[in-house]
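Report on the structure given below.
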Amino acid sequence: MGVVRTYLDRMARRYAALPRPARLALIVLLVIFFYVLPLLRPPIITTEQIDFGGVMFGVAATALVAVGLNIVIGYAGLLDLGYIGFYLVGAYTTGVLTAYHFAWPFFLVLPLAVVVTMATGVLLGWPTLRVRGDYLAIVTLGFGEIIRLIVTNVGWLGAAAGIKDIPHPPNIGPAPKPPFDQGGLFSIPSLQWDGIIPSIDQGRDTRFLIFGALSAVPYYWLILTFLILILFADRLVKDSRVGRAWEATREDEDAAELMGVPTFRFKLLAFALGAAIGGLSGSLYASSQGGYINPQSFPLLLSILFVAAVIVGGAGSRWGAIVGGTLVAYLPERFREFADFRLLVFGLALMILPVYRPQGLLPPRRTIRARVAAKEIDQLEGRDDAQTEVL
Amino acid sequence: MAERARVLEVDDVTLRFGGLTALDSVSLHIDEGEILGMIGPNGAGKTTAFNVITGVYQPTSGAVRFEGQPLAGLKKHAITRRGIARTFQNIRLFNSMTALENVLVGADAHHSSGVLSALFRTSKHRREEDDGHERGMELLEFMGLTSRADELAANLSYGDQRRLEIARAMATGPKLLCLDEPAAGFNPQEKVQLMELIKRVRDRGYTVLLIEHDMRLVMGVTDRIVVLEFGKKIAEGTPAEIRDDPAVIAAYLGVDEDAS
Ligand SMILES: Nc1ncnc2c1ncn2[C@@H]1O[C@H](COP(=O)(O)OP(=O)(O)OP(=O)(O)O)[C@@H](O)[C@H]1O
Ligand SMILES: [Mg+2]
């Protein structure tokens with residue numbers, strides 16, 4: 001564990017030391033890699049038991065959720081245990097508006113779902129964000145559960161049966177004419193691996209760009225694109241007056257208020273933006289390959305898992321949120337063959353990690369700095385084996 | 001002496017915490033450009049007076065007026081934007097932020113760019129960031145913290161943290177700067193340096209309200225002094241008058257002057 005820790009720290013520091021163009025090139029390469037990952041199907045990583053493209057979609061959806069929740073928990077320091085509620089609101093808004101009661105087009109409904117979820121966030125935050133800490137955690141926990149009970153019991157929202165046949169996002173290129181014409185502009189093949197030797201897999205094509213039943217990869221590409229856009233936006237907002245106000249509020253709410261920060265307004269903003277991103281992810285989930293949502297898709301456990309993703313990744317770090325979201329969504333799918341046993345192992349891992357690395361796998365750079373400084377002080381004071389964890 | 005504008009008026013303020021009267025009919029005023037000292041034994045109500053002035057507590061009775069306007073009912077951040085800034089007796093910096101960022105938060109008090117400005121990097125966003133950085137670095141230089149600008153507040157030395165608190169408060173662009181025992185924990189030489197610094201702060205046009213235990217130090221820098229004891233104002237006047245005031249001598253008799 002200690003080895004992993006120092007290795008990750010060193011990697012983060014080495015990356016920070018690179019010149020700007022090199023960092024940019026690295027990021028572009030990384031982005032391309034992630035776009036083609038479900039086509040590359042690298043051995044070991046690829047899930048053989050279930051469709052890898054579908055798993056990757058789930059991973060990206062969870063990473064997107066984690067990035068949104070990181071704004072709430074990591075930046076503003078608000079413990080939101082009912083984040084699944086926003087995911088649900090985004091999904092159900094999409095279901096109702098595109099399929100169940102209306103037939104509005106996807107790219108109109110998507111922003112609407114985001115707006116509705118954001119409004120939900122404001123409605124929930126307005127009365128609750130005035131009080132502090134534990135109370136907020138309990139209220140949000142209640143919200144997550146209540147909203148699920150509502151959709152379970154309200155017939156207008158599909159009740160327990162849920163909503164099916166939610167339309168997919170619009171295709172690019174000619175529509176498919178089954179059974180032989182798959183539509184789209186061109187085909188992109190996948191790889192298959194014989195040990196370490198790759199070859200073209202003839203039976204696994206992805207048509208560009210058909211959101212259909214054959215390949216889950218286009219859905220993954222769509223959500224990955226949104227994830228990247230949100231990451232840029234997250235960075236721009238964090239590195240501004242807004243980001244500073246969040247951090248100051250998280251560090252010392254009274255002091256922030258006395259330095260002129262309208263803390264309530266900024267907490268509400270964090271809550272609303274976080275909700276909006278959760279809603280975006282939910283909306284994309286609703287119109288994904290399955291095209292089917294029901295109340296059981298949104299258990300409270302998922303809320304806890306989202307929080308775990310942010311904490312495991314390193315609260316306050318957007319890359320940490322991505323890593324955390326990825327692990328939380330990917331590991332249980334990868335180790336499906338172990339059935340329920342995998343949840344035990346997963347739970348154990350979640351318990352062990354905070355002991356060895358309480359600041360998360362990929363904490364914000366400044367947390368690393370604070371730790372290094374604390375260590376130096378300890379060494380100067382001759383306390384070699386002293387507790388050096390910060391945060 | 002020409003009549004100077006009233007910056008702050010505390011008018012017959014009483015504040016009770018349950019049965020305890022922390023401030024008992026306290027009245028005082030501060031004129032533009034002066035350094036007003038506030039002294040008194042432990043538990044006299046000095047910090048509480050700061051808390052009333054900055055809106056942390058609402059007085060049980062009485063009023064606080066800033067530049068003639070009553071502050072009653074104003075939110076804390078609104079009072080800060082009106083022009084009152086403070087430091088804390090127990091250092092309360094934003095520990096995970098750098099020294100510069102701490103000061104930037106203060107400078108942001110008068111900025112208004114929000115999410116959209118940040119997303120689209122509007123000219124307003126850039127102007128405000130530039131303004132904040134410029135003022136922030138200037139204040140850090142004034143406090144002798146230039147080389148520490150990118151250091152995390154938590155990693156600064158104790159003295160630097162105290163100075164950073166003053167810089168952060170000054171960054172909010174206040175008319176009145178309230179310093180709550182800024183020299184607490186300093187050695188005598190550091191204390192003298194800090195008092196010189198406070199004089200220079202005043203010379204930059206700030207009005208200063210200073211809490212300090214050390215009588216001799218306070219005498220050296222202040223124009224006037226208010227003495228509190230058990231929540232009551234027991235004396236007010238120039239340093240020379242306070243030194244010879246029998247009530248003050250009685251209040252401080254047996255009290256270690258360097259208590260800190
Ligand atoms: N929030 C509060 N609730 C109850 N009592 C309080 C509160 N704040 C302060 N007091 C009491 O009010 C009195 C004045 O406290 P205050 O902190 O203003 O003293 P001070 O003059 O700043 O003393 P010191 O020199 O030790 O800082 C004390 O008796 C204190 O216990
Ligand atoms: Mg005090």
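The chains in the structure tokens are called A, B, ... from first to last as shown; in each chain the residues are counted from 1, and the ligands are counted from 1 in the order shown.
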
Query raised in the report: Which residues sit within 7 Å of ligand 2, counting only C-alpha atoms and all ligand atoms, listed as a list in words?
Result: Gly43, Gly45, Lys46, Thr47, Gln89 and Asp180 of chain B

Query raised in the report: If we count only C-alpha atoms, what is near Gly144 in chain B at a cut-off of 12 Å, once residues fewer than 5 positions away on the same chain are taken out, given as a list in words?
Result: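 The residues satisfying every condition are Ala99, Met137, Glu138, Leu139, Ala149, Gly159, Asp160, Gln161, Arg162, Arg163, Leu164, Ile166, Ala167, Gln193, Leu194 and Leu197 of chain B.
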
Those selected residues, please, written with N, CA, C and O atoms and delivered as a compact mmCIF listing (two decimals), in the first residue's frame.
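So the final result, stored in part.txt, reads:
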# COMPACT_ATOMS: atom_id res chain seq x y z
N ALA B 99 -1.24 31.49 0.72
CA ALA B 99 -1.29 32.83 1.31
C ALA B 99 -1.98 33.79 0.35
O ALA B 99 -2.87 34.55 0.74
N MET B 137 -0.92 40.81 -4.07
CA MET B 137 0.54 40.78 -4.00
C MET B 137 1.08 42.04 -3.33
O MET B 137 2.06 41.98 -2.59
N GLU B 138 0.41 43.15 -3.59
CA GLU B 138 0.86 44.40 -2.98
C GLU B 138 0.73 44.32 -1.46
O GLU B 138 1.64 44.72 -0.71
N LEU B 139 -0.38 43.76 -0.99
CA LEU B 139 -0.59 43.65 0.45
C LEU B 139 0.39 42.65 1.08
O LEU B 139 0.90 42.87 2.17
N ALA B 149 4.00 33.79 -0.83
CA ALA B 149 2.70 33.92 -1.49
C ALA B 149 2.09 32.58 -1.88
O ALA B 149 0.89 32.38 -1.74
N GLY B 159 4.06 33.72 13.12
CA GLY B 159 4.07 35.16 12.90
C GLY B 159 3.54 35.52 11.52
O GLY B 159 2.78 36.47 11.35
N ASP B 160 3.95 34.72 10.53
CA ASP B 160 3.47 34.97 9.17
C ASP B 160 1.96 34.78 9.09
O ASP B 160 1.27 35.50 8.38
N GLN B 161 1.45 33.79 9.83
CA GLN B 161 0.00 33.58 9.83
C GLN B 161 -0.72 34.80 10.39
O GLN B 161 -1.73 35.25 9.86
N ARG B 162 -0.17 35.35 11.48
CA ARG B 162 -0.79 36.54 12.08
C ARG B 162 -0.79 37.69 11.07
O ARG B 162 -1.77 38.40 10.91
N ARG B 163 0.33 37.88 10.39
CA ARG B 163 0.41 38.97 9.41
C ARG B 163 -0.50 38.72 8.22
O ARG B 163 -1.11 39.64 7.69
N LEU B 164 -0.60 37.44 7.83
CA LEU B 164 -1.47 37.12 6.70
C LEU B 164 -2.93 37.45 7.04
O LEU B 164 -3.69 37.91 6.19
N ILE B 166 -3.94 39.86 8.83
CA ILE B 166 -4.12 41.31 8.65
C ILE B 166 -4.22 41.64 7.16
O ILE B 166 -5.07 42.41 6.73
N ALA B 167 -3.35 41.01 6.37
CA ALA B 167 -3.38 41.27 4.92
C ALA B 167 -4.73 40.87 4.34
O ALA B 167 -5.30 41.60 3.52
N GLN B 193 7.77 45.54 16.35
CA GLN B 193 7.72 45.62 14.89
C GLN B 193 6.29 45.66 14.39
O GLN B 193 5.94 46.43 13.50
N LEU B 194 5.44 44.85 15.01
CA LEU B 194 4.05 44.81 14.56
C LEU B 194 3.37 46.15 14.82
O LEU B 194 2.59 46.63 14.00
N LEU B 197 4.18 48.43 12.22
CA LEU B 197 3.42 48.07 11.03
C LEU B 197 2.00 48.63 11.11
O LEU B 197 1.46 49.16 10.14

Query raised in the report: Quick one: residues within 10 Å of range 163-169 of chain A, only C-alpha atoms counted, chain neighbours fewer than 2 positions away excluded, as a PyMOL selection string?
Result: chain A and resi 91-92+94-100+103-107+110+157-161+171-172+210-213+218-219+222+284+286-295

Keeping only N, CA and C atoms, write the selected residues as a CSV table (one decimal), in the first residue's frame.
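The resulting file, result.csv, is shown below:
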chain,number,residue,atom,x,y,z
A,91,ALA,N,-33.1,11.3,-14.9
A,91,ALA,CA,-33.6,10.1,-15.7
A,91,ALA,C,-35.1,10.2,-15.9
A,92,TYR,N,-35.8,10.5,-14.9
A,92,TYR,CA,-37.3,10.4,-15.0
A,92,TYR,C,-37.8,11.6,-15.8
A,94,THR,N,-36.3,12.8,-18.3
A,94,THR,CA,-36.1,12.4,-19.7
A,94,THR,C,-37.1,11.3,-20.1
A,95,GLY,N,-37.4,10.4,-19.2
A,95,GLY,CA,-38.3,9.3,-19.5
A,95,GLY,C,-39.7,9.9,-19.8
A,96,VAL,N,-40.2,10.8,-19.0
A,96,VAL,CA,-41.5,11.3,-19.1
A,96,VAL,C,-41.6,12.2,-20.3
A,97,LEU,N,-40.6,13.0,-20.6
A,97,LEU,CA,-40.7,14.0,-21.7
A,97,LEU,C,-40.5,13.4,-23.1
A,98,THR,N,-39.7,12.3,-23.1
A,98,THR,CA,-39.4,11.7,-24.5
A,98,THR,C,-40.3,10.5,-24.7
A,99,ALA,N,-40.8,9.9,-23.7
A,99,ALA,CA,-41.5,8.6,-24.0
A,99,ALA,C,-42.9,8.5,-23.3
A,100,TYR,N,-42.9,8.7,-22.0
A,100,TYR,CA,-44.1,8.3,-21.3
A,100,TYR,C,-45.3,9.1,-21.5
A,103,ALA,N,-43.4,13.3,-26.5
A,103,ALA,CA,-42.4,12.7,-27.4
A,103,ALA,C,-41.4,13.7,-27.9
A,104,TRP,N,-41.0,14.5,-27.0
A,104,TRP,CA,-40.1,15.6,-27.3
A,104,TRP,C,-38.7,15.1,-27.8
A,105,PRO,N,-38.0,15.8,-28.6
A,105,PRO,CA,-36.7,15.3,-29.1
A,105,PRO,C,-35.6,15.3,-28.0
A,106,PHE,N,-34.7,14.4,-28.1
A,106,PHE,CA,-33.7,14.2,-27.1
A,106,PHE,C,-32.9,15.4,-26.8
A,107,PHE,N,-32.4,16.1,-27.8
A,107,PHE,CA,-31.5,17.2,-27.5
A,107,PHE,C,-32.3,18.5,-27.0
A,110,LEU,N,-32.7,16.9,-23.0
A,110,LEU,CA,-31.5,16.8,-22.2
A,110,LEU,C,-31.2,18.1,-21.4
A,157,LEU,N,-45.9,8.6,-13.1
A,157,LEU,CA,-44.5,8.5,-13.3
A,157,LEU,C,-44.1,7.0,-13.6
A,158,GLY,N,-45.1,6.2,-13.9
A,158,GLY,CA,-44.8,4.8,-14.3
A,158,GLY,C,-44.8,3.8,-13.1
A,159,ALA,N,-44.9,4.3,-11.9
A,159,ALA,CA,-45.0,3.5,-10.7
A,159,ALA,C,-43.9,2.4,-10.7
A,160,ALA,N,-44.2,1.3,-10.1
A,160,ALA,CA,-43.1,0.3,-9.9
A,160,ALA,C,-42.7,-0.3,-11.3
A,161,ALA,N,-43.5,-0.3,-12.3
A,161,ALA,CA,-43.1,-0.9,-13.6
A,161,ALA,C,-42.1,0.0,-14.3
A,171,ASN,N,-29.4,9.5,-34.4
A,171,ASN,CA,-28.2,8.9,-35.1
A,171,ASN,C,-27.6,10.0,-36.0
A,172,ILE,N,-26.4,9.7,-36.4
A,172,ILE,CA,-25.8,10.5,-37.5
A,172,ILE,C,-25.6,9.6,-38.7
A,210,ILE,N,-24.6,5.2,-34.9
A,210,ILE,CA,-25.9,4.6,-34.7
A,210,ILE,C,-26.1,4.3,-33.2
A,211,PHE,N,-27.1,4.9,-32.6
A,211,PHE,CA,-27.4,4.6,-31.2
A,211,PHE,C,-28.5,3.5,-31.3
A,212,GLY,N,-28.0,2.2,-31.4
A,212,GLY,CA,-28.9,1.1,-31.5
A,212,GLY,C,-28.6,0.0,-30.5
A,213,ALA,N,-29.1,-1.2,-30.9
A,213,ALA,CA,-29.0,-2.3,-30.0
A,213,ALA,C,-27.7,-3.1,-30.2
A,218,PRO,N,-21.3,3.8,-29.0
A,218,PRO,CA,-21.7,5.2,-29.3
A,218,PRO,C,-22.3,5.9,-28.0
A,219,TYR,N,-23.0,5.2,-27.2
A,219,TYR,CA,-23.5,5.8,-26.0
A,219,TYR,C,-22.4,6.2,-25.1
A,222,LEU,N,-20.8,9.4,-26.3
A,222,LEU,CA,-21.6,10.6,-26.0
A,222,LEU,C,-21.4,11.0,-24.6
A,284,LEU,N,-28.7,10.9,-19.5
A,284,LEU,CA,-28.0,10.1,-20.5
A,284,LEU,C,-28.2,8.6,-20.2
A,286,ALA,N,-30.9,7.3,-18.8
A,286,ALA,CA,-32.3,7.0,-19.2
A,286,ALA,C,-32.4,6.7,-20.7
A,287,SER,N,-31.7,7.4,-21.5
A,287,SER,CA,-31.8,7.2,-23.0
A,287,SER,C,-30.7,6.4,-23.5
A,288,SER,N,-30.0,5.6,-22.6
A,288,SER,CA,-28.9,4.7,-23.1
A,288,SER,C,-29.5,3.5,-23.7
A,289,GLN,N,-28.6,2.5,-24.0
A,289,GLN,CA,-29.0,1.4,-24.8
A,289,GLN,C,-30.3,0.6,-24.3
A,290,GLY,N,-30.4,0.5,-23.0
A,290,GLY,CA,-31.5,-0.2,-22.4
A,290,GLY,C,-32.8,0.5,-22.7
A,291,GLY,N,-32.8,1.9,-22.6
A,291,GLY,CA,-34.0,2.7,-22.8
A,291,GLY,C,-35.1,2.3,-21.8
A,292,TYR,N,-34.7,1.9,-20.6
A,292,TYR,CA,-35.7,1.5,-19.6
A,292,TYR,C,-35.2,1.9,-18.2
A,293,ILE,N,-36.1,2.6,-17.5
A,293,ILE,CA,-35.8,2.9,-16.1
A,293,ILE,C,-36.9,2.5,-15.2
A,294,ASN,N,-36.6,2.1,-14.0
A,294,ASN,CA,-37.6,1.8,-13.0
A,294,ASN,C,-37.1,2.2,-11.6
A,295,PRO,N,-37.9,2.2,-10.6
A,295,PRO,CA,-37.4,2.7,-9.3
A,295,PRO,C,-36.3,1.9,-8.8

Requested in this report: Counting only C-alpha atoms and all ligand atoms, name the residues that have an atom within 8 Å of an atom of ligand 1; the answer should be given as an MDAnalysis selection string.
Outcome: chainID B and resid 17:18 20:23 39:50 89 181 213 228:231

Quick one: which residues from chain B are at most 6 Å off chain A, using only C-alpha atoms, as a short mmCIF file (atom, residue, chain, number, x, y, z; two decimals) with all heavy atoms, in the first residue's frame?
data_model
loop_
_atom_site.label_atom_id
_atom_site.label_comp_id
_atom_site.auth_asym_id
_atom_site.auth_seq_id
_atom_site.Cartn_x
_atom_site.Cartn_y
_atom_site.Cartn_z
N LYS B 76 -23.36 39.34 7.95
CA LYS B 76 -21.94 39.57 8.22
C LYS B 76 -21.18 39.98 6.97
O LYS B 76 -20.38 40.92 6.98
CB LYS B 76 -21.32 38.30 8.81
CG LYS B 76 -21.73 38.02 10.24
CD LYS B 76 -21.25 36.65 10.70
CE LYS B 76 -22.28 35.59 10.37
NZ LYS B 76 -21.92 34.26 10.86
N HIS B 77 -21.45 39.27 5.87
CA HIS B 77 -20.69 39.59 4.65
C HIS B 77 -21.07 40.97 4.12
O HIS B 77 -20.25 41.65 3.51
CB HIS B 77 -20.87 38.51 3.59
CG HIS B 77 -22.28 38.30 3.14
ND1 HIS B 77 -22.88 39.07 2.19
CD2 HIS B 77 -23.21 37.40 3.53
CE1 HIS B 77 -24.12 38.65 2.00
NE2 HIS B 77 -24.35 37.63 2.81
N THR B 80 -19.09 43.47 6.05
CA THR B 80 -17.72 43.50 5.54
C THR B 80 -17.65 44.36 4.28
O THR B 80 -16.74 45.17 4.11
CB THR B 80 -17.23 42.07 5.22
OG1 THR B 80 -17.39 41.28 6.39
CG2 THR B 80 -15.78 42.09 4.79
N PHE B 94 -7.75 30.28 6.00
CA PHE B 94 -8.22 29.15 5.21
C PHE B 94 -7.01 28.28 4.94
O PHE B 94 -6.22 28.53 4.03
CB PHE B 94 -8.86 29.65 3.92
CG PHE B 94 -9.92 30.69 4.15
CD1 PHE B 94 -9.87 31.91 3.52
CD2 PHE B 94 -10.97 30.43 5.03
CE1 PHE B 94 -10.84 32.87 3.74
CE2 PHE B 94 -11.95 31.39 5.26
CZ PHE B 94 -11.88 32.60 4.61
N GLY B 106 -10.37 37.73 0.40
CA GLY B 106 -10.70 39.05 0.92
C GLY B 106 -10.99 40.04 -0.19
O GLY B 106 -12.00 40.75 -0.17
N ALA B 109 -14.36 40.25 -1.95
CA ALA B 109 -15.53 40.84 -1.30
C ALA B 109 -16.19 41.89 -2.19
O ALA B 109 -17.40 42.07 -2.14
CB ALA B 109 -15.12 41.46 0.03
N ALA B 118 -16.90 33.05 -15.08
CA ALA B 118 -15.75 32.15 -14.97
C ALA B 118 -15.71 31.20 -16.16
O ALA B 118 -14.66 30.95 -16.73
CB ALA B 118 -15.82 31.38 -13.66
N LEU B 119 -16.88 30.67 -16.54
CA LEU B 119 -16.93 29.70 -17.64
C LEU B 119 -16.46 30.32 -18.94
O LEU B 119 -15.72 29.71 -19.70
CB LEU B 119 -18.36 29.21 -17.82
CG LEU B 119 -18.80 28.01 -17.00
CD1 LEU B 119 -20.22 27.61 -17.35
CD2 LEU B 119 -17.86 26.84 -17.24
#

**Report entry** Selection: 12 Å around range 184-200 of chain A, only C-alpha atoms, excl. self and same-chain fewer than 5 positions, as JSON, numbers by chain
**Finding:** {"A": [36, 37, 38, 39, 40, 41, 42, 43, 44, 45, 46, 48, 52, 53, 170, 171, 172, 173, 174, 175, 176, 177, 205, 206, 207, 208, 209, 210, 211, 212, 215, 217, 218]}
